[in-house]
file final.cif (mmCIF, C-alpha atoms)
data_start
loop_
_atom_site.label_atom_id
_atom_site.label_comp_id
_atom_site.auth_asym_id
_atom_site.auth_seq_id
_atom_site.Cartn_x
_atom_site.Cartn_y
_atom_site.Cartn_z
CA MET A 1 17.67 2.31 33.67
CA THR A 2 20.77 4.17 32.56
CA ALA A 3 24.12 2.57 31.78
CA ASP A 4 27.60 3.77 32.72
CA VAL A 5 29.06 3.39 29.25
CA PRO A 6 32.85 3.78 28.98
CA SER A 7 34.17 6.32 26.51
CA THR A 8 37.64 4.82 26.06
CA THR A 9 38.93 4.91 22.49
CA ALA A 10 41.87 3.75 20.40
CA ALA A 11 43.62 6.17 18.06
CA LEU A 12 43.64 5.22 14.38
CA PRO A 13 46.06 6.38 11.65
CA SER A 14 43.52 8.83 10.20
CA GLY A 15 43.18 10.56 13.54
CA ALA A 16 39.82 8.94 14.20
CA ALA A 17 38.96 7.62 17.65
CA LEU A 18 37.67 4.03 17.69
CA PRO A 19 35.46 3.32 20.74
CA LEU A 20 36.77 0.24 22.52
CA LEU A 21 33.18 -0.80 23.21
CA GLY A 22 31.12 -1.55 20.14
CA PHE A 23 27.84 -3.25 19.31
CA GLY A 24 28.11 -6.38 17.20
CA THR A 25 25.32 -7.28 14.77
CA TRP A 26 26.23 -10.77 13.57
CA ARG A 27 23.09 -12.92 13.16
CA LEU A 28 20.80 -9.97 13.75
CA GLU A 29 18.47 -9.70 10.79
CA GLY A 30 15.51 -7.70 9.55
CA ASP A 31 13.55 -5.57 11.97
CA GLN A 32 15.34 -7.17 14.91
CA ALA A 33 18.65 -5.80 13.61
CA ARG A 34 17.14 -2.34 13.18
CA SER A 35 15.56 -2.25 16.63
CA CYS A 36 18.65 -3.64 18.38
CA VAL A 37 20.90 -1.05 16.75
CA GLN A 38 18.46 1.68 17.76
CA GLU A 39 18.40 0.31 21.32
CA ALA A 40 22.19 0.08 21.48
CA LEU A 41 22.61 3.68 20.39
CA SER A 42 19.98 4.86 22.85
CA VAL A 43 21.88 3.09 25.64
CA GLY A 44 25.10 4.82 24.71
CA TYR A 45 27.06 2.62 22.30
CA ARG A 46 28.80 4.74 19.68
CA HIS A 47 30.39 2.00 17.59
CA LEU A 48 28.48 -0.35 15.26
CA ASP A 49 29.99 -3.42 13.62
CA THR A 50 28.44 -5.10 10.57
CA ALA A 51 29.62 -6.92 7.42
CA THR A 52 28.53 -7.71 3.90
CA ILE A 53 27.92 -11.36 4.75
CA TYR A 54 25.71 -10.45 7.73
CA GLY A 55 23.03 -9.33 5.30
CA ASN A 56 21.86 -6.55 7.62
CA GLU A 57 23.59 -3.38 6.45
CA THR A 58 20.28 -1.80 5.37
CA GLU A 59 18.78 -2.43 8.80
CA VAL A 60 21.89 -1.24 10.63
CA GLY A 61 21.73 2.00 8.65
CA GLN A 62 18.04 2.38 9.39
CA GLY A 63 18.62 1.80 13.10
CA LEU A 64 21.29 4.49 13.06
CA ARG A 65 18.87 6.96 11.48
CA ASP A 66 15.99 5.96 13.77
CA ALA A 67 18.12 6.48 16.87
CA GLY A 68 18.44 10.18 16.14
CA VAL A 69 22.15 10.20 16.98
CA SER A 70 24.42 12.38 14.87
CA ARG A 71 26.28 10.40 12.23
CA GLU A 72 29.51 12.11 13.29
CA ASP A 73 29.14 10.64 16.77
CA VAL A 74 28.88 6.99 15.65
CA PHE A 75 31.77 4.86 14.40
CA VAL A 76 30.59 2.44 11.71
CA THR A 77 32.52 -0.64 10.56
CA THR A 78 31.71 -3.03 7.75
CA LYS A 79 33.66 -5.84 6.09
CA CYS A 80 34.22 -7.32 2.64
CA PRO A 81 34.42 -11.11 2.16
CA PRO A 82 37.57 -12.36 0.42
CA ASP A 83 35.61 -14.20 -2.27
CA LYS A 84 34.60 -10.74 -3.49
CA ALA A 85 38.22 -9.59 -3.81
CA SER A 86 37.93 -8.94 -7.55
CA GLU A 87 34.91 -6.70 -7.01
CA ALA A 88 35.74 -5.26 -3.58
CA ARG A 89 35.27 -1.65 -4.66
CA SER A 90 31.73 -2.28 -5.88
CA VAL A 91 30.99 -4.28 -2.72
CA LEU A 92 31.94 -1.26 -0.63
CA GLU A 93 29.84 1.05 -2.77
CA GLN A 94 26.87 -1.29 -2.30
CA SER A 95 27.52 -1.39 1.46
CA LEU A 96 27.50 2.40 1.60
CA SER A 97 24.24 2.50 -0.35
CA MET A 98 22.59 0.03 2.01
CA LEU A 99 23.92 1.76 5.11
CA GLY A 100 22.85 5.13 3.74
CA LEU A 101 26.31 6.60 4.29
CA ASP A 102 28.83 8.49 2.17
CA SER A 103 31.70 6.63 3.84
CA VAL A 104 32.41 4.16 6.61
CA ASP A 105 34.78 4.81 9.46
CA LEU A 106 36.44 1.41 9.07
CA TRP A 107 36.40 -1.15 6.25
CA LEU A 108 37.87 -4.59 6.94
CA VAL A 109 38.98 -7.53 4.82
CA HIS A 110 36.78 -10.12 6.54
CA TRP A 111 39.39 -12.90 6.42
CA PRO A 112 42.56 -13.54 4.42
CA PRO A 113 42.01 -13.99 0.67
CA ALA A 114 44.18 -16.03 -1.66
CA ASP A 115 46.09 -12.86 -2.60
CA PRO A 116 46.04 -10.57 0.44
CA VAL A 117 48.24 -7.91 -1.15
CA ALA A 118 46.07 -7.47 -4.25
CA MET A 119 42.94 -7.06 -2.14
CA TRP A 120 44.71 -4.73 0.27
CA GLU A 121 45.73 -2.50 -2.64
CA VAL A 122 42.02 -2.06 -3.48
CA PHE A 123 41.37 -1.11 0.14
CA VAL A 124 44.17 1.44 0.11
CA GLN A 125 42.72 3.03 -3.03
CA ALA A 126 39.23 3.15 -1.53
CA GLN A 127 40.63 4.95 1.51
CA GLN A 128 42.46 7.41 -0.69
CA ASP A 129 39.20 8.05 -2.54
CA GLY A 130 37.38 8.87 0.70
CA LEU A 131 35.06 5.86 0.86
CA ALA A 132 36.57 4.59 4.13
CA ARG A 133 38.29 6.73 6.72
CA ASP A 134 40.42 3.83 7.98
CA ILE A 135 41.02 0.34 6.62
CA GLY A 136 41.91 -2.89 8.34
CA VAL A 137 41.66 -6.65 8.31
CA SER A 138 40.10 -9.52 10.21
CA ASN A 139 41.43 -12.95 11.08
CA PHE A 140 44.96 -12.09 9.89
CA SER A 141 48.09 -13.48 11.53
CA LEU A 142 50.93 -11.19 12.54
CA ALA A 143 52.88 -12.45 9.51
CA GLN A 144 50.01 -11.53 7.20
CA LEU A 145 49.86 -8.05 8.73
CA ASP A 146 53.55 -7.68 7.93
CA GLU A 147 53.03 -8.99 4.39
CA VAL A 148 50.46 -6.41 3.32
CA THR A 149 52.27 -3.61 5.14
CA ALA A 150 55.58 -4.38 3.47
CA ALA A 151 54.00 -4.65 0.03
CA THR A 152 52.02 -1.40 0.14
CA GLY A 153 53.57 0.78 2.81
CA VAL A 154 50.14 1.01 4.45
CA LYS A 155 49.54 -0.99 7.61
CA PRO A 156 46.08 -2.17 8.63
CA ALA A 157 44.64 0.11 11.28
CA VAL A 158 42.80 -2.77 12.96
CA ASN A 159 42.88 -6.56 13.03
CA GLN A 160 39.65 -8.12 14.25
CA ILE A 161 40.23 -11.65 15.56
CA LYS A 162 38.62 -14.17 17.87
CA TRP A 163 39.56 -13.09 21.39
CA SER A 164 38.53 -13.95 24.92
CA PRO A 165 40.20 -14.92 28.19
CA LEU A 166 40.14 -18.54 27.00
CA VAL A 167 42.28 -17.77 23.94
CA PHE A 168 44.42 -15.02 25.46
CA ASP A 169 47.92 -14.95 23.98
CA ARG A 170 50.37 -12.37 25.29
CA GLY A 171 52.51 -12.70 22.18
CA VAL A 172 49.58 -11.84 19.93
CA LEU A 173 48.59 -8.89 22.11
CA ASP A 174 52.13 -7.55 22.26
CA GLY A 175 52.68 -8.21 18.56
CA HIS A 176 49.77 -5.97 17.62
CA ALA A 177 50.99 -3.27 20.00
CA ALA A 178 54.49 -3.42 18.54
CA ARG A 179 53.05 -2.95 15.06
CA GLU A 180 50.70 -0.20 16.23
CA VAL A 181 47.75 -2.20 14.92
CA VAL A 182 44.62 -2.06 17.08
CA LEU A 183 43.48 -5.50 18.24
CA GLU A 184 39.72 -5.95 18.08
CA GLY A 185 38.15 -9.07 19.53
CA TYR A 186 35.03 -10.97 18.59
CA SER A 187 33.21 -13.92 20.19
CA GLY A 188 34.35 -12.79 23.63
CA LEU A 189 31.14 -14.01 25.27
CA LYS A 190 31.08 -17.42 23.60
CA ASN A 191 32.67 -20.86 23.93
CA GLY A 192 32.21 -21.24 27.66
CA THR A 193 33.54 -17.91 28.88
CA LEU A 194 30.30 -16.97 30.64
CA ASP A 195 30.34 -20.20 32.67
CA HIS A 196 34.02 -20.44 33.53
CA PRO A 197 34.42 -20.61 37.34
CA VAL A 198 37.27 -18.09 37.43
CA ILE A 199 35.14 -15.54 35.58
CA THR A 200 31.92 -16.28 37.45
CA GLY A 201 33.85 -16.05 40.73
CA ILE A 202 35.19 -12.60 39.91
CA ALA A 203 31.74 -11.50 38.75
CA SER A 204 30.10 -12.72 41.97
CA ARG A 205 32.65 -10.94 44.14
CA LEU A 206 32.24 -7.67 42.22
CA GLY A 207 28.46 -7.87 41.97
CA ARG A 208 28.68 -7.90 38.17
CA THR A 209 27.64 -10.27 35.41
CA PRO A 210 30.22 -12.54 33.77
CA ALA A 211 29.61 -10.68 30.50
CA GLN A 212 30.44 -7.37 32.17
CA VAL A 213 33.65 -8.80 33.63
CA ILE A 214 34.74 -10.15 30.22
CA THR A 215 33.93 -6.86 28.53
CA ARG A 216 35.88 -4.98 31.20
CA TRP A 217 38.83 -7.36 30.72
CA HIS A 218 38.97 -6.41 27.03
CA LEU A 219 38.87 -2.70 27.78
CA GLU A 220 41.60 -2.83 30.40
CA HIS A 221 43.87 -4.54 27.88
CA GLY A 222 43.08 -1.82 25.33
CA VAL A 223 41.31 -4.33 23.12
CA VAL A 224 38.18 -3.41 21.21
CA THR A 225 35.18 -5.63 21.98
CA ILE A 226 31.83 -5.89 20.20
CA PRO A 227 29.33 -7.82 22.34
CA LYS A 228 26.08 -8.67 20.60
CA SER A 229 22.66 -9.33 22.07
CA ALA A 230 19.10 -9.27 20.81
CA THR A 231 17.73 -8.58 24.32
CA PRO A 232 17.33 -4.93 25.36
CA GLU A 233 18.31 -5.61 28.98
CA ARG A 234 21.48 -7.45 27.95
CA ILE A 235 22.33 -4.75 25.42
CA ARG A 236 22.20 -2.25 28.28
CA SER A 237 23.97 -4.52 30.78
CA ASN A 238 26.85 -5.31 28.42
CA ALA A 239 27.51 -1.58 28.04
CA ASP A 240 27.25 -0.81 31.75
CA VAL A 241 30.94 -1.37 32.45
CA GLY A 242 32.23 2.13 33.09
CA GLY A 243 31.72 2.07 36.84
CA PHE A 244 34.18 -0.60 37.94
CA SER A 245 37.62 -1.98 37.21
CA LEU A 246 39.47 -5.25 37.57
CA SER A 247 42.40 -5.64 39.91
CA ALA A 248 45.80 -6.72 38.67
CA GLU A 249 45.14 -10.08 40.28
CA ASP A 250 41.81 -10.43 38.47
CA LEU A 251 43.41 -9.59 35.12
CA ALA A 252 46.23 -12.06 35.71
CA ALA A 253 43.80 -14.82 36.68
CA MET A 254 41.76 -14.25 33.51
CA ASP A 255 44.86 -13.99 31.32
CA ALA A 256 46.05 -17.34 32.68
CA LEU A 257 42.97 -19.06 31.24
CA GLY A 258 44.48 -18.79 27.76
CA LYS A 259 47.75 -20.49 28.66
#
call {"tool": "encode", "arguments": {"input": "final.cif", "output": "structure tokens"}}
result
Amino acid sequence: MTADVPSTTAALPSGAALPLLGFGTWRLEGDQARSCVQEALSVGYRHLDTATIYGNETEVGQGLRDAGVSREDVFVTTKCPPDKASEARSVLEQSLSMLGLDSVDLWLVHWPPADPVAMWEVFVQAQQDGLARDIGVSNFSLAQLDEVTAATGVKPAVNQIKWSPLVFDRGVLDGHAAREVVLEGYSGLKNGTLDHPVITGIASRLGRTPAQVITRWHLEHGVVTIPKSATPERIRSNADVGGFSLSAEDLAAMDALGK
């Protein structure tokens, strides 16, 4: 079965286009990680998200090669843990070696370190040296975004944070937009979202799965989302969200769950 995969993107400072729909790889390991990445790319995903602490960068890179998709057509993100701040450059070089890439499209600080500015300066240098096309952060507050931007003159391109209808915060969404920092959400399909009656009701009325409705909700807010699954059918289903939209009333009802 084919999937109607949306092609919506967010513009990054480098000029790169970040697909709003990505494939997450957290907790995918070994051959399962490789085969799931290959499956995701065959379905139509063109954005892969991994991290040093996931321990699967080698397999993600192998899945990318096995899929036979041009490297230029796939956006690849990895992340550096803050406890590696003093050796971040070598961590990135090791990530590139494991992924089998000359550079990543996006490199993120996985969560705030003790000295965010010092680590961010290493990221800025790595970008200038061509090892990462864009750089960003994860789990940063708006104040922390402002801190590293003010100190270096370089704003994070992306902030990846926990995001779902159940934690929706208009101030956070608008704050990222005002700063021209792309908001990327993770754990959108966890913590009860798939069973919430408002979401299941919308899904039933539209003839869609709750996961598809949640993914669509992210996209219509311009938020990047990276659903993960180890099941081929769910990998395909989660991407099959290009053929419908949510009404203003549906969006408002889902937004209200975070209030």
call {"tool": "residues_around", "arguments": {"input": "final.cif", "residues": "range 158-163 of chain A", "least_positions_apart": "3", "cutoff": "7 Å", "atoms": "only C-alpha atoms", "output": "count of residues only"}}
result
15
call {"tool": "residues_around", "arguments": {"input": "final.cif", "residues": "Met254 in chain A", "least_positions_apart": "4", "cutoff": "12 Å", "atoms": "all atoms listed in the file", "output": "PyMOL selection string"}}
result
chain A and resi 164-169+193+196-203+210+213-218+220-221+246-250+258-259
call {"tool": "resolve_selection", "arguments": {"input": "final.cif", "expression": "the PyMOL selection byres ((chain A and resi 69-83) around 8)", "output": "VMD selection string"}}
result
chain A and resid 18 to 19 41 46 to 53 64 to 65 67 to 68 84 to 86 88 91 to 92 95 104 to 114 119
call {"tool": "axis_aligned_box", "arguments": {"input": "final.cif", "around": "range 163-179 of chain A", "padding_each_side": "6 Å", "output": "AutoDock Vina command-line options"}}
result
--center_x 46.5 --center_y -10.7 --center_z 21.6 --size_x 28.0 --size_y 27.6 --size_z 25.1
call {"tool": "closest_residue", "arguments": {"input": "final.cif", "among": "A:Arg89, A:Asp174, A:Asp102, A:Ser97", "to": "Trp120 in chain A", "atoms": "only C-alpha atoms"}}
result
A:Arg89
call {"tool": "closest_residue", "arguments": {"input": "final.cif", "among": "A:Ala256, A:Arg208, A:Ser229, A:Arg236", "to": "Arg170 in chain A", "atoms": "all atoms listed in the file"}}
result
A:Ala256
call {"tool": "residues_around", "arguments": {"input": "final.cif", "residues": "Gln212 in chain A", "least_positions_apart": "5", "cutoff": "8 Å", "atoms": "only C-alpha atoms", "output": "tab-separated table (two decimals) with C-alpha atoms, keeping the file's coordinate frame"}}
result
chain	number	residue	atom	x	y	z
A	203	ALA	CA	31.74	-11.50	38.75
A	237	SER	CA	23.97	-4.52	30.78
A	238	ASN	CA	26.85	-5.31	28.42
A	239	ALA	CA	27.51	-1.58	28.04
A	240	ASP	CA	27.25	-0.81	31.75
A	241	VAL	CA	30.94	-1.37	32.45
call {"tool": "atom_distance", "arguments": {"input": "final.cif", "atom1": "CA of Pro116 in chain A", "atom2": "CA of Thr149 in chain A"}}
result
10.5 Å
call {"tool": "residues_around", "arguments": {"input": "final.cif", "residues": "Asn56 in chain A", "least_positions_apart": "5", "cutoff": "8 Å", "atoms": "all atoms listed in the file", "output": "PyMOL selection string"}}
result
chain A and resi 25+28-30+33+50-51
call {"tool": "write_last_selection", "arguments": {"input": "final.cif", "atoms": "C-alpha atoms", "output": "tab-separated table (two decimals), in the frame of the given file"}}
result
chain	number	residue	atom	x	y	z
A	25	THR	CA	25.32	-7.28	14.77
A	28	LEU	CA	20.80	-9.97	13.75
A	29	GLU	CA	18.47	-9.70	10.79
A	30	GLY	CA	15.51	-7.70	9.55
A	33	ALA	CA	18.65	-5.80	13.61
A	50	THR	CA	28.44	-5.10	10.57
A	51	ALA	CA	29.62	-6.92	7.42
call {"tool": "resolve_selection", "arguments": {"input": "final.cif", "expression": "the PyMOL selection byres ((chain A and resi 98) around 10)", "output": "PyMOL selection string"}}
result
chain A and resi 52+55-62+92-97+99-101
call {"tool": "closest_residue", "arguments": {"input": "final.cif", "among": "A:Ser35, A:Gln144, A:Thr8, A:Gln128", "to": "Leu20 in chain A", "atoms": "only C-alpha atoms"}}
result
A:Thr8
